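Next comes data.pdb, with PDB, C-alpha atoms and all ligand atoms.
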```pdb
ATOM      1  CA  MET R 228       0.000   0.000   0.000
ATOM      2  CA  GLU R 229       1.276   3.492  -0.767
ATOM      3  CA  PRO R 230       2.152   5.605   2.296
ATOM      4  CA  SER R 231       0.203   8.672   3.392
ATOM      5  CA  ILE R 232       1.485  12.207   2.763
ATOM      6  CA  TYR R 233       1.213  12.668   6.558
ATOM      7  CA  GLU R 234       4.233  10.363   6.882
ATOM      8  CA  TYR R 235       6.156  13.338   5.427
ATOM      9  CA  PRO R 236       5.261  16.358   7.587
ATOM     10  CA  ASP R 237       7.591  18.741   5.726
ATOM     11  CA  VAL R 238       6.073  17.866   2.362
ATOM     12  CA  PHE R 239       2.332  17.867   3.003
ATOM     13  CA  ARG R 240       2.094  21.632   3.467
ATOM     14  CA  ARG R 241       3.527  22.321  -0.004
ATOM     15  CA  ALA R 242       1.359  19.612  -1.542
ATOM     16  CA  HIS R 243      -1.748  21.265  -0.021
ATOM     17  CA  LEU R 244      -1.016  24.612  -1.716
ATOM     18  CA  GLU R 245      -0.679  26.450   1.556
ATOM     19  CA  SER R 246       0.565  29.987   1.018
ATOM     20  CA  PRO R 247       3.218  31.557   3.287
ATOM     21  CA  GLY R 248       1.739  33.733   6.003
ATOM     22  CA  GLU R 249      -1.571  31.842   6.026
ATOM     23  CA  ILE R 250      -1.113  30.282   9.458
ATOM     24  CA  PRO R 251       0.104  33.443  11.270
ATOM     25  CA  ALA R 252      -2.915  35.313   9.798
ATOM     26  CA  GLU R 253      -5.258  32.581  11.058
ATOM     27  CA  VAL R 254      -3.715  32.698  14.525
ATOM     28  CA  VAL R 255      -4.194  36.479  14.693
ATOM     29  CA  PHE R 256      -7.825  36.071  13.585
ATOM     30  CA  LEU R 257      -8.497  33.324  16.140
ATOM     31  CA  GLN R 258      -7.299  35.597  18.929
ATOM     32  CA  GLN R 259      -9.592  38.368  17.652
ATOM     33  CA  VAL R 260     -12.527  35.913  17.613
ATOM     34  CA  TRP R 261     -11.846  34.894  21.218
ATOM     35  CA  LYS R 262     -11.689  38.549  22.325
ATOM     36  CA  ARG R 263     -14.918  39.333  20.481
ATOM     37  CA  HIS R 264     -16.899  36.286  21.645
ATOM     38  CA  ARG R 265     -15.646  35.661  25.197
ATOM     39  CA  LYS R 266     -15.874  37.883  28.258
ATOM     40  CA  ASN R 267     -13.050  36.083  30.043
ATOM     41  CA  PRO R 268      -9.520  35.805  28.698
ATOM     42  CA  THR R 269      -8.675  32.712  26.665
ATOM     43  CA  ARG R 270      -5.692  30.850  28.060
ATOM     44  CA  ARG R 271      -6.088  27.127  27.364
ATOM     45  CA  VAL R 272      -6.544  25.954  23.778
ATOM     46  CA  LEU R 273      -7.172  22.495  22.309
ATOM     47  CA  ASP R 274      -5.884  22.016  18.729
ATOM     48  CA  ILE R 275      -7.917  19.248  17.040
ATOM     49  CA  ALA R 276      -6.232  17.178  14.262
ATOM     50  CA  CYS R 277      -3.229  19.319  15.054
ATOM     51  CA  GLY R 278      -0.665  17.613  12.829
ATOM     52  CA  ASP R 279       2.646  19.154  13.888
ATOM     53  CA  SER R 280       0.526  21.998  15.316
ATOM     54  CA  PRO R 281       1.771  25.107  13.487
ATOM     55  CA  HIS R 282      -1.108  27.076  15.052
ATOM     56  CA  GLY R 283      -0.330  25.645  18.479
ATOM     57  CA  ARG R 284       3.335  26.625  18.233
ATOM     58  CA  LEU R 285       2.470  30.241  17.435
ATOM     59  CA  LEU R 286      -0.140  30.346  20.216
ATOM     60  CA  ALA R 287       2.261  28.749  22.715
ATOM     61  CA  GLY R 288       4.854  31.350  21.680
ATOM     62  CA  ASP R 289       2.250  34.006  22.604
ATOM     63  CA  GLY R 290       1.868  32.454  26.079
ATOM     64  CA  PHE R 291      -1.229  30.254  25.563
ATOM     65  CA  GLU R 292      -1.344  26.777  27.097
ATOM     66  CA  VAL R 293      -1.949  24.469  24.107
ATOM     67  CA  VAL R 294      -2.748  20.774  23.780
ATOM     68  CA  GLY R 295      -2.841  19.113  20.353
ATOM     69  CA  ILE R 296      -4.482  15.825  19.380
ATOM     70  CA  ASP R 297      -3.887  13.835  16.195
ATOM     71  CA  ARG R 298      -3.957  10.172  15.179
ATOM     72  CA  SER R 299      -0.657  10.262  13.288
ATOM     73  CA  PRO R 300       2.412   9.312  15.358
ATOM     74  CA  THR R 301       4.645  10.815  12.637
ATOM     75  CA  MET R 302       2.914  14.194  12.755
ATOM     76  CA  ILE R 303       2.942  14.209  16.561
ATOM     77  CA  ALA R 304       6.655  13.304  16.636
ATOM     78  CA  ALA R 305       7.362  16.182  14.212
ATOM     79  CA  GLY R 306       5.267  18.509  16.411
ATOM     80  CA  ARG R 307       7.162  17.489  19.563
ATOM     81  CA  ARG R 308      10.484  18.019  17.801
ATOM     82  CA  LYS R 309       9.506  21.484  16.580
ATOM     83  CA  ALA R 310       8.048  22.458  19.981
ATOM     84  CA  ARG R 311      11.010  21.276  22.070
ATOM     85  CA  ALA R 312      11.585  24.767  23.448
ATOM     86  CA  LEU R 313       7.878  25.272  24.299
ATOM     87  CA  ALA R 314       6.860  23.755  27.650
ATOM     88  CA  ASN R 315       3.269  24.980  27.122
ATOM     89  CA  LEU R 316       2.505  22.830  24.034
ATOM     90  CA  ARG R 317       1.708  19.146  24.587
ATOM     91  CA  PHE R 318       0.460  16.390  22.280
ATOM     92  CA  TYR R 319      -1.746  13.325  22.658
ATOM     93  CA  ARG R 320      -2.371  10.630  20.089
ATOM     94  CA  ARG R 321      -6.151  10.454  19.761
ATOM     95  CA  PRO R 322      -8.793   9.848  17.069
ATOM     96  CA  ILE R 323     -10.965  12.908  16.548
ATOM     97  CA  GLU R 324     -14.179  10.913  16.297
ATOM     98  CA  LYS R 325     -14.296  10.104  20.019
ATOM     99  CA  PHE R 326     -11.737  10.967  22.661
ATOM    100  CA  THR R 327     -11.104  11.965  26.247
ATOM    101  CA  LEU R 328      -8.077  13.737  27.713
ATOM    102  CA  PRO R 329      -6.555  13.822  31.212
ATOM    103  CA  GLU R 330      -6.654  17.623  31.125
ATOM    104  CA  ARG R 331      -8.423  20.517  32.855
ATOM    105  CA  ALA R 332     -11.181  22.203  30.847
ATOM    106  CA  PHE R 333     -10.126  24.298  27.858
ATOM    107  CA  ASP R 334     -11.325  27.837  27.053
ATOM    108  CA  ALA R 335     -11.267  27.238  23.313
ATOM    109  CA  ALA R 336     -10.792  24.520  20.719
ATOM    110  CA  ILE R 337      -9.707  24.951  17.105
ATOM    111  CA  PHE R 338      -9.987  22.702  14.063
ATOM    112  CA  MET R 339      -7.927  24.310  11.297
ATOM    113  CA  SER R 340      -6.721  23.590   7.764
ATOM    114  CA  GLU R 341     -10.187  22.699   6.450
ATOM    115  CA  THR R 342     -10.064  19.186   7.892
ATOM    116  CA  PHE R 343     -13.398  19.080   9.791
ATOM    117  CA  PRO R 344     -15.345  17.678   6.759
ATOM    118  CA  VAL R 345     -13.308  14.419   6.915
ATOM    119  CA  ILE R 346     -15.814  13.382   9.591
ATOM    120  CA  VAL R 347     -18.354  11.649   7.382
ATOM    121  CA  GLU R 348     -20.755   9.561   9.485
ATOM    122  CA  ASN R 349     -23.512  11.259  11.480
ATOM    123  CA  THR R 350     -22.645   9.203  14.564
ATOM    124  CA  ASP R 351     -18.969  10.242  14.311
ATOM    125  CA  LEU R 352     -19.912  13.880  13.835
ATOM    126  CA  LEU R 353     -22.057  13.850  16.962
ATOM    127  CA  SER R 354     -19.545  11.916  19.085
ATOM    128  CA  HIS R 355     -16.802  14.285  17.887
ATOM    129  CA  LEU R 356     -18.807  17.327  18.982
ATOM    130  CA  LYS R 357     -19.631  15.641  22.297
ATOM    131  CA  SER R 358     -15.942  14.845  22.890
ATOM    132  CA  VAL R 359     -14.906  18.442  22.145
ATOM    133  CA  GLY R 360     -17.813  19.763  24.203
ATOM    134  CA  ARG R 361     -16.766  17.689  27.239
ATOM    135  CA  ALA R 362     -13.203  19.027  26.945
ATOM    136  CA  LEU R 363     -14.390  22.668  26.963
ATOM    137  CA  ARG R 364     -15.679  24.777  29.833
ATOM    138  CA  ARG R 365     -19.205  26.215  29.505
ATOM    139  CA  GLY R 366     -19.066  29.289  27.309
ATOM    140  CA  GLY R 367     -15.887  27.971  25.666
ATOM    141  CA  LEU R 368     -15.561  28.415  21.899
ATOM    142  CA  TYR R 369     -14.948  25.888  19.142
ATOM    143  CA  CYS R 370     -13.622  27.520  15.944
ATOM    144  CA  VAL R 371     -13.878  25.363  12.859
ATOM    145  CA  ASP R 372     -12.239  26.376   9.591
ATOM    146  CA  ILE R 373     -13.922  25.045   6.423
ATOM    147  CA  ASP R 374     -13.431  25.489   2.661
ATOM    148  CA  ARG R 375     -16.152  27.124   0.605
ATOM    149  CA  GLN R 376     -17.697  24.144  -1.186
ATOM    150  CA  ASP R 377     -18.966  24.981  -4.637
ATOM    151  CA  PRO R 378     -21.184  22.511  -6.495
ATOM    152  CA  MET R 379     -19.066  19.806  -8.174
ATOM    153  CA  PRO R 380     -19.967  18.097 -11.433
ATOM    154  CA  ARG R 381     -20.684  14.414 -10.631
ATOM    155  CA  VAL R 382     -18.133  12.116 -12.252
ATOM    156  CA  THR R 383     -18.983   8.560 -13.277
ATOM    157  CA  ARG R 384     -15.359   7.385 -13.142
ATOM    158  CA  ARG R 385     -12.196   8.491 -11.347
ATOM    159  CA  THR R 386     -11.219  11.763 -13.001
ATOM    160  CA  MET R 387      -8.007  13.778 -12.822
ATOM    161  CA  TRP R 388      -8.687  17.270 -11.488
ATOM    162  CA  ARG R 389      -5.272  18.977 -11.451
ATOM    163  CA  GLU R 390      -1.623  18.190 -12.052
ATOM    164  CA  ARG R 391       1.274  20.353 -10.909
ATOM    165  CA  THR R 392       4.827  20.390  -9.629
ATOM    166  CA  ALA R 393       6.224  21.955  -6.465
ATOM    167  CA  SER R 394       9.231  21.599  -4.216
ATOM    168  CA  ALA R 395       9.639  21.112  -0.482
ATOM    169  CA  ALA R 396      12.905  21.257   1.444
ATOM    170  CA  GLY R 397      14.847  21.152  -1.848
ATOM    171  CA  VAL R 398      13.019  18.042  -3.098
ATOM    172  CA  ALA R 399      10.920  18.110  -6.312
ATOM    173  CA  LEU R 400       7.288  17.016  -5.966
ATOM    174  CA  GLY R 401       4.925  15.763  -8.670
ATOM    175  CA  ILE R 402       1.332  16.250  -7.567
ATOM    176  CA  ARG R 403      -1.805  14.823  -9.163
ATOM    177  CA  GLU R 404      -5.281  15.295  -7.729
ATOM    178  CA  PHE R 405      -8.261  13.127  -8.647
ATOM    179  CA  HIS R 406     -11.978  12.931  -7.940
ATOM    180  CA  PRO R 407     -13.456   9.453  -7.598
ATOM    181  CA  PRO R 408     -17.196   9.020  -8.297
ATOM    182  CA  LEU R 409     -19.811   9.352  -5.555
ATOM    183  CA  ALA R 410     -23.210   7.751  -5.032
ATOM    184  CA  TRP R 411     -26.122  10.185  -5.396
ATOM    185  CA  HIS R 412     -27.120   9.578  -1.769
ATOM    186  CA  SER R 413     -23.636  10.195  -0.384
ATOM    187  CA  PRO R 414     -23.310  12.934   2.254
ATOM    188  CA  LEU R 415     -19.982  13.831   0.646
ATOM    189  CA  HIS R 416     -19.330  16.951  -1.374
ATOM    190  CA  SER R 417     -16.334  15.135  -2.927
ATOM    191  CA  ILE R 418     -13.517  12.719  -2.302
ATOM    192  CA  TYR R 419     -10.135  14.356  -2.705
ATOM    193  CA  GLU R 420      -7.506  11.886  -3.897
ATOM    194  CA  LEU R 421      -4.020  13.303  -3.529
ATOM    195  CA  GLU R 422      -1.115  11.552  -5.207
ATOM    196  CA  CYS R 423       2.301  13.009  -4.487
ATOM    197  CA  THR R 424       5.570  11.735  -5.917
ATOM    198  CA  ILE R 425       8.461  12.877  -3.733
ATOM    199  CA  ASN R 426      11.683  12.738  -5.733
ATOM    200  CA  PHE R 427      14.146  11.961  -2.940
ATOM    201  CA  PRO R 428      17.835  11.694  -4.003
ATOM    202  CA  THR R 429      17.617   8.014  -2.944
ATOM    203  CA  GLY R 430      14.657   7.390  -5.284
ATOM    204  CA  PRO R 431      11.020   8.487  -5.678
ATOM    205  CA  VAL R 432       8.290   7.694  -3.148
ATOM    206  CA  THR R 433       4.630   8.041  -4.133
ATOM    207  CA  THR R 434       2.079   8.819  -1.444
ATOM    208  CA  ARG R 435      -1.669   8.485  -1.842
ATOM    209  CA  ASP R 436      -4.441   9.839   0.368
ATOM    210  CA  LEU R 437      -8.179   9.573  -0.168
ATOM    211  CA  ILE R 438      -9.747  12.370   1.832
ATOM    212  CA  PRO R 439     -13.538  12.379   2.151
ATOM    213  CA  VAL R 440     -15.079  15.840   2.231
ATOM    214  CA  ARG R 441     -18.514  15.932   3.837
ATOM    215  CA  TYR R 442     -20.799  18.629   2.501
ATOM    216  CA  THR R 443     -20.532  21.324   5.181
ATOM    217  CA  THR R 444     -22.117  24.772   5.106
ATOM    218  CA  PRO R 445     -22.838  27.182   7.976
ATOM    219  CA  SER R 446     -26.360  25.786   8.099
ATOM    220  CA  THR R 447     -25.314  22.099   8.319
ATOM    221  CA  LEU R 448     -22.662  22.928  10.931
ATOM    222  CA  GLU R 449     -25.272  24.763  12.989
ATOM    223  CA  LEU R 450     -27.602  21.766  12.772
ATOM    224  CA  ALA R 451     -24.844  19.353  13.898
ATOM    225  CA  ALA R 452     -23.948  21.699  16.767
ATOM    226  CA  LEU R 453     -27.559  21.765  17.970
ATOM    227  CA  ALA R 454     -27.997  18.006  17.479
ATOM    228  CA  SER R 455     -24.965  17.315  19.680
ATOM    229  CA  GLY R 456     -26.672  19.126  22.566
ATOM    230  CA  MET R 457     -23.255  20.637  23.368
ATOM    231  CA  PHE R 458     -23.034  23.726  21.179
ATOM    232  CA  LYS R 459     -24.882  26.552  19.541
ATOM    233  CA  MET R 460     -23.461  28.501  16.644
ATOM    234  CA  ASP R 461     -22.457  32.073  17.491
ATOM    235  CA  ALA R 462     -21.232  33.168  14.058
ATOM    236  CA  ALA R 463     -19.845  32.209  10.655
ATOM    237  CA  TYR R 464     -17.107  34.478   9.301
ATOM    238  CA  CYS R 465     -15.410  34.245   5.947
ATOM    239  CA  ASP R 466     -11.901  34.887   4.614
ATOM    240  CA  LEU R 467     -10.677  35.943   8.089
ATOM    241  CA  SER R 468     -12.989  38.978   8.121
ATOM    242  CA  PHE R 469     -15.645  40.128  10.594
ATOM    243  CA  VAL R 470     -17.410  42.270   8.006
ATOM    244  CA  LYS R 471     -17.345  40.366   4.717
ATOM    245  CA  PRO R 472     -20.745  38.786   3.963
ATOM    246  CA  LEU R 473     -20.825  35.012   3.333
ATOM    247  CA  ASP R 474     -22.117  35.741  -0.186
ATOM    248  CA  ARG R 475     -18.714  37.213  -0.999
ATOM    249  CA  CYS R 476     -16.685  34.379   0.546
ATOM    250  CA  ARG R 477     -13.756  33.547  -1.740
ATOM    251  CA  TYR R 478     -11.881  30.794   0.054
ATOM    252  CA  ARG R 479     -12.931  29.648   3.502
ATOM    253  CA  TRP R 480     -15.268  30.307   6.355
ATOM    254  CA  MET R 481     -14.992  29.796  10.087
ATOM    255  CA  GLY R 482     -17.834  28.534  12.237
ATOM    256  CA  VAL R 483     -17.747  29.778  15.824
ATOM    257  CA  LEU R 484     -19.555  27.340  18.135
ATOM    258  CA  ARG R 485     -20.244  28.115  21.777
ATOM    259  CA  ARG R 486     -20.328  25.404  24.459
ATOM    260  CA  VAL R 487     -23.755  25.630  26.099
TER     261      VAL R 487
HETATM  262  C1  LIG H   1      -4.281  18.787   6.787
HETATM  263  S1  LIG H   1      -3.544  18.164   8.282
HETATM  264  C2  LIG H   1      -3.741  19.596   9.297
HETATM  265  C3  LIG H   1      -2.850  19.612  10.490
HETATM  266  C4  LIG H   1      -2.800  20.928  11.254
HETATM  267  N1  LIG H   1      -4.089  21.277  11.824
HETATM  268  C5  LIG H   1      -2.267  22.047  10.377
HETATM  269  O1  LIG H   1      -2.961  23.044  10.211
HETATM  270  O2  LIG H   1      -1.158  21.907   9.879
HETATM  271  C6  LIG H   1      -4.782  17.072   8.864
HETATM  272  C7  LIG H   1      -4.409  16.289  10.107
HETATM  273  O3  LIG H   1      -5.583  15.599  10.525
HETATM  274  C8  LIG H   1      -5.197  14.369  11.082
HETATM  275  N2  LIG H   1      -6.380  13.484  11.065
HETATM  276  C9  LIG H   1      -7.147  13.164   9.987
HETATM  277  N3  LIG H   1      -8.149  12.344  10.351
HETATM  278  C10 LIG H   1      -8.008  12.134  11.688
HETATM  279  C11 LIG H   1      -8.724  11.362  12.643
HETATM  280  N4  LIG H   1      -9.791  10.639  12.285
HETATM  281  N5  LIG H   1      -8.319  11.384  13.935
HETATM  282  C12 LIG H   1      -7.225  12.122  14.306
HETATM  283  N6  LIG H   1      -6.501  12.854  13.436
HETATM  284  C13 LIG H   1      -6.878  12.871  12.146
HETATM  285  C14 LIG H   1      -4.055  13.907  10.186
HETATM  286  O4  LIG H   1      -3.235  12.959  10.838
HETATM  287  C15 LIG H   1      -3.333  15.232   9.906
HETATM  288  O5  LIG H   1      -2.279  15.461  10.802
END
```
As structure tokens, how would this structure be written, given the file I've shared?
Ligand SMILES: C[S@@+](CC[C@H](N)C(=O)[O-])C[C@H]1O[C@@H](n2cnc3c(N)ncnc32)[C@H](O)[C@@H]1O
Amino acid sequence: MEPSIYEYPDVFRRAHLESPGEIPAEVVFLQQVWKRHRKNPTRRVLDIACGDSPHGRLLAGDGFEVVGIDRSPTMIAAGRRKARALANLRFYRRPIEKFTLPERAFDAAIFMSETFPVIVENTDLLSHLKSVGRALRRGGLYCVDIDRQDPMPRVTRRTMWRERTASAAGVALGIREFHPPLAWHSPLHSIYELECTINFPTGPVTTRDLIPVRYTTPSTLELAALASGMFKMDAAYCDLSFVKPLDRCRYRWMGVLRRV
């Protein structure tokens, strides 16, 4: 079986077309959201599906107490390595669908890099929200970052979407993205198949990830929040702006859920 791109923490960011400065801008916006939506200061933050926790490292550098959870031992090991100098950033290996932590309540949780829609099943979505809700104090905020999902033409067979090249840490990457077909009754907006050939000097390695993307809009997130019994939705902001209307959203939106 081909390995996952998450076995190569320094490569996946380039393969995902992340632009420089994106994460610092998100961290600034998160802090503005917390100030706007909470009376009390935010000190303890839970980073869900944290990977090597780039957001957590910046927040910990600003004095926040941060805990990250992820299922990938490789990503967590990379996060621990990069956070060696930060005593206030810790990691646990956990699945996001259902988890508990031996930690005091958090003031806020974040789920960044548009990963929330990988939770496909209704039962997983509800147990995820219950797990996050139990980790937060009442009034705590859960900020979820999600891509704008435009309608996709249905494909009847696996179809190539894009092909490009990039480089990461001096290594050339060949990236191909595909869309496999979906059943009409699927809750998915799409399945994102990412194939990445990493041209190491010792020989190429090809990774493959099939990432399900559940159809998620502000309205469906609000419904899931209410159904969990743990949250209500305070706001949905787009493109890191408090004033831009959702109609003009270009890239992404952020749901702000409040622990009830
Ligand atoms: C696109 S990366 C984002 C990581 C990090 N939030 C960032 O912004 O760099 C997605 C992460 O989600 C994790 N992940 C995906 N599904 C998961 C699951 N079911 N349980 C726990 N972690 C999961 C992967 O291991 C990966 O590290």
For this structure, which residues satisfy the selection - the PyMOL selection byres (((chain R and resi 272) around 8) and not hetatm) - when it is evaluated on the file as given? I want them as number ranges by chain.
R: 269-271, 273-274, 291-294, 333-337
For chain R versus ligand LIG 1 (chain H), which residues have an atom no more than 9 Å away, and what is each residue's nearest atom pair and distance in Å rounded to one decimal, using all atoms listed in the file, chain-then-number order, as a tab-separated table?
```
residue	atom	partner	partner_atom	distance
R:Tyr233	CA	H:LIG1	O5	6.2
R:Glu234	CA	H:LIG1	O4	8.8
R:Pro236	CA	H:LIG1	O5	8.2
R:Phe239	CA	H:LIG1	C1	7.7
R:Arg240	CA	H:LIG1	O2	7.2
R:His243	CA	H:LIG1	C1	7.7
R:Ile250	CA	H:LIG1	O1	7.5
R:Asp274	CA	H:LIG1	N1	7.2
R:Ile275	CA	H:LIG1	N1	6.8
R:Ala276	CA	H:LIG1	O3	4.1
R:Cys277	CA	H:LIG1	N1	3.9
R:Gly278	CA	H:LIG1	O5	3.4
R:Asp279	CA	H:LIG1	O2	6.2
R:Ser280	CA	H:LIG1	C4	5.4
R:Pro281	CA	H:LIG1	O2	5.6
R:His282	CA	H:LIG1	O1	6.6
R:Gly283	CA	H:LIG1	N1	8.8
R:Gly295	CA	H:LIG1	N1	8.9
R:Ile296	CA	H:LIG1	C12	6.9
R:Asp297	CA	H:LIG1	N6	3.9
R:Arg298	CA	H:LIG1	C12	3.9
R:Ser299	CA	H:LIG1	O4	4.5
R:Pro300	CA	H:LIG1	O4	8.1
R:Thr301	CA	H:LIG1	O4	8.4
R:Met302	CA	H:LIG1	O5	5.7
R:Ile303	CA	H:LIG1	O5	7.9
R:Arg320	CA	H:LIG1	C12	7.7
R:Arg321	CA	H:LIG1	C12	5.8
R:Pro322	CA	H:LIG1	N5	3.5
R:Ile323	CA	H:LIG1	N5	4.0
R:Glu324	CA	H:LIG1	N4	6.0
R:Lys325	CA	H:LIG1	N5	8.6
R:Ile337	CA	H:LIG1	N1	8.5
R:Phe338	CA	H:LIG1	N1	6.5
R:Met339	CA	H:LIG1	N1	4.9
R:Ser340	CA	H:LIG1	O1	4.5
R:Glu341	CA	H:LIG1	C1	7.1
R:Thr342	CA	H:LIG1	C6	5.8
R:Phe343	CA	H:LIG1	N3	8.6
R:Val345	CA	H:LIG1	N3	6.5
R:Ile346	CA	H:LIG1	N4	7.1
R:Ile438	CA	H:LIG1	C9	8.6
```
Quick one: apply the PyMOL selection byres (((chain R and resi 394-403) around 10) and not hetatm) to the file and drop the selected residues here as a PyMOL selection string.
chain R and resi 237-243+387-393+404-405+420-428+431-435
So which one's closest to Gly367 in chain R, R:Thr447, R:Asn267, R:Ser413, R:Ser455? Using only C-alpha atoms, please.
R:Asn267
Which residues are near range 416-419 of chain R? Cut-off 9 Å, only C-alpha atoms, ignore same chain within fewer than 2 positions. Put them as a list of chain:residue names.
R:Gln376, R:Asp377, R:Pro378, R:Met379, R:Arg381, R:Glu404, R:Phe405, R:His406, R:Pro407, R:Pro408, R:Leu409, R:Ser413, R:Pro414, R:Leu421, R:Asp436, R:Leu437, R:Ile438, R:Pro439, R:Val440, R:Arg441, R:Tyr442, R:Thr443
Suppose you want the space between CA of Cys370 in chain R and CA of His412 in chain R; what is it in Å?
28.6 Å
Some atoms are missing, so please complete range 343-366 of chain R with N, CA and C atoms and return it as a compact mmCIF listing (two decimals), in the coordinates of the input.
```txt
# COMPACT_ATOMS: atom_id res chain seq x y z
N PHE R 343 -12.17 19.52 9.12
CA PHE R 343 -13.40 19.08 9.79
C PHE R 343 -14.28 18.19 8.90
N PRO R 344 -14.43 18.51 7.57
CA PRO R 344 -15.34 17.68 6.76
C PRO R 344 -14.87 16.25 6.50
N VAL R 345 -13.69 15.83 7.05
CA VAL R 345 -13.31 14.42 6.92
C VAL R 345 -14.19 13.54 7.81
N ILE R 346 -14.91 14.17 8.74
CA ILE R 346 -15.81 13.38 9.59
C ILE R 346 -17.10 13.16 8.79
N VAL R 347 -17.31 11.92 8.37
CA VAL R 347 -18.35 11.65 7.38
C VAL R 347 -19.65 11.15 8.02
N GLU R 348 -19.53 10.20 8.95
CA GLU R 348 -20.76 9.56 9.48
C GLU R 348 -21.42 10.47 10.51
N ASN R 349 -22.77 10.44 10.51
CA ASN R 349 -23.51 11.26 11.48
C ASN R 349 -23.12 10.91 12.91
N THR R 350 -22.97 9.61 13.19
CA THR R 350 -22.64 9.20 14.56
C THR R 350 -21.26 9.74 14.97
N ASP R 351 -20.32 9.73 14.01
CA ASP R 351 -18.97 10.24 14.31
C ASP R 351 -19.00 11.76 14.53
N LEU R 352 -19.82 12.41 13.71
CA LEU R 352 -19.91 13.88 13.84
C LEU R 352 -20.44 14.26 15.22
N LEU R 353 -21.47 13.52 15.66
CA LEU R 353 -22.06 13.85 16.96
C LEU R 353 -21.11 13.46 18.10
N SER R 354 -20.44 12.29 17.97
CA SER R 354 -19.55 11.92 19.08
C SER R 354 -18.31 12.82 19.10
N HIS R 355 -17.90 13.31 17.93
CA HIS R 355 -16.80 14.28 17.89
C HIS R 355 -17.20 15.55 18.65
N LEU R 356 -18.38 16.08 18.33
CA LEU R 356 -18.81 17.33 18.98
C LEU R 356 -19.00 17.12 20.48
N LYS R 357 -19.48 15.92 20.85
CA LYS R 357 -19.63 15.64 22.30
C LYS R 357 -18.26 15.57 22.97
N SER R 358 -17.29 14.95 22.30
CA SER R 358 -15.94 14.84 22.89
C SER R 358 -15.33 16.23 23.07
N VAL R 359 -15.47 17.08 22.04
CA VAL R 359 -14.91 18.44 22.14
C VAL R 359 -15.66 19.21 23.23
N GLY R 360 -16.98 19.05 23.22
CA GLY R 360 -17.81 19.76 24.20
C GLY R 360 -17.42 19.40 25.63
N ARG R 361 -17.14 18.11 25.88
CA ARG R 361 -16.77 17.69 27.24
C ARG R 361 -15.40 18.24 27.64
N ALA R 362 -14.55 18.50 26.63
CA ALA R 362 -13.20 19.03 26.94
C ALA R 362 -13.22 20.53 27.23
N LEU R 363 -14.32 21.21 26.82
CA LEU R 363 -14.39 22.67 26.96
C LEU R 363 -15.17 23.07 28.21
N ARG R 364 -14.84 24.24 28.75
CA ARG R 364 -15.68 24.78 29.83
C ARG R 364 -16.93 25.38 29.21
N ARG R 365 -17.99 25.56 30.01
CA ARG R 365 -19.20 26.22 29.50
C ARG R 365 -18.85 27.61 29.01
N GLY R 366 -19.40 27.98 27.87
CA GLY R 366 -19.07 29.29 27.31
C GLY R 366 -17.80 29.26 26.46
```
